[in-house]
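As structure tokens, the structure follows; a few thoughts come after it.
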Amino acid sequence: MQTLTVEIEDSFLKEFMNFTQKFTGKVKIYDPKKEDCYYADRQKELTQIREDIKNKKITMKSHDDVWGNVKNHLQNIS
């Protein structure tokens with residue numbers, strides 16, 4: 001089975017869902033908002049993080065900085 005992401009206009013959603021019902025057993029509709037009770041909270045938090053990075057309210061550390069800190073920490077606790 002393959003997984004795809006499809007964006008559907010709000011005005012077309014009902015028609016699309018009716019169409020997919022013809023293929024029960026071959027098409028599974030996954031709605032993360034219904035199946036994951038924390039989906040909306042995580043989506044809101046990630047959107048805020050992206051905005052904060054874009055507006056320079058928070059900064060990103062480089063890959064080398066992060067792993068350098070991990071390496072130093074591990075050496076210090078050994």
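To be explicit about the labels: the chains of the structure tokens are called A, B, and onward in the order shown, and within each one the residues are counted from 1, while ligands get numbers from 1 in the order they are shown.
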Which polymer residues have any atom within 12 Å of an atom of Met17 (chain A), counting only C-alpha atoms, with same-chain residues fewer than 4 positions away left out, as a PyMOL selection string?
chain A and resi 8-13+21-24+27-31
Rounded to one decimal, what separation in Å do you get between CA of Leu74 (chain A) and CA of Met60 (chain A)?
21.8 Å
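In this model, the gap between CA of Arg50 (chain A) and CA of Asp36 (chain A) comes to 21.6 Å.
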Alpha helix (DSSP H) call set, DSSP backbone run, chain A, as a VMD selection string
chain A and resid 13 to 20 32 to 35 39 to 54 63 to 77
Go through A:Met1, A:Ile77, A:Leu46, A:Val70 and flag the residue nearest Gly25 (chain A), using only C-alpha atoms for the distances.
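That would be A:Met1, the residue with the smallest distance to Gly25 (chain A).
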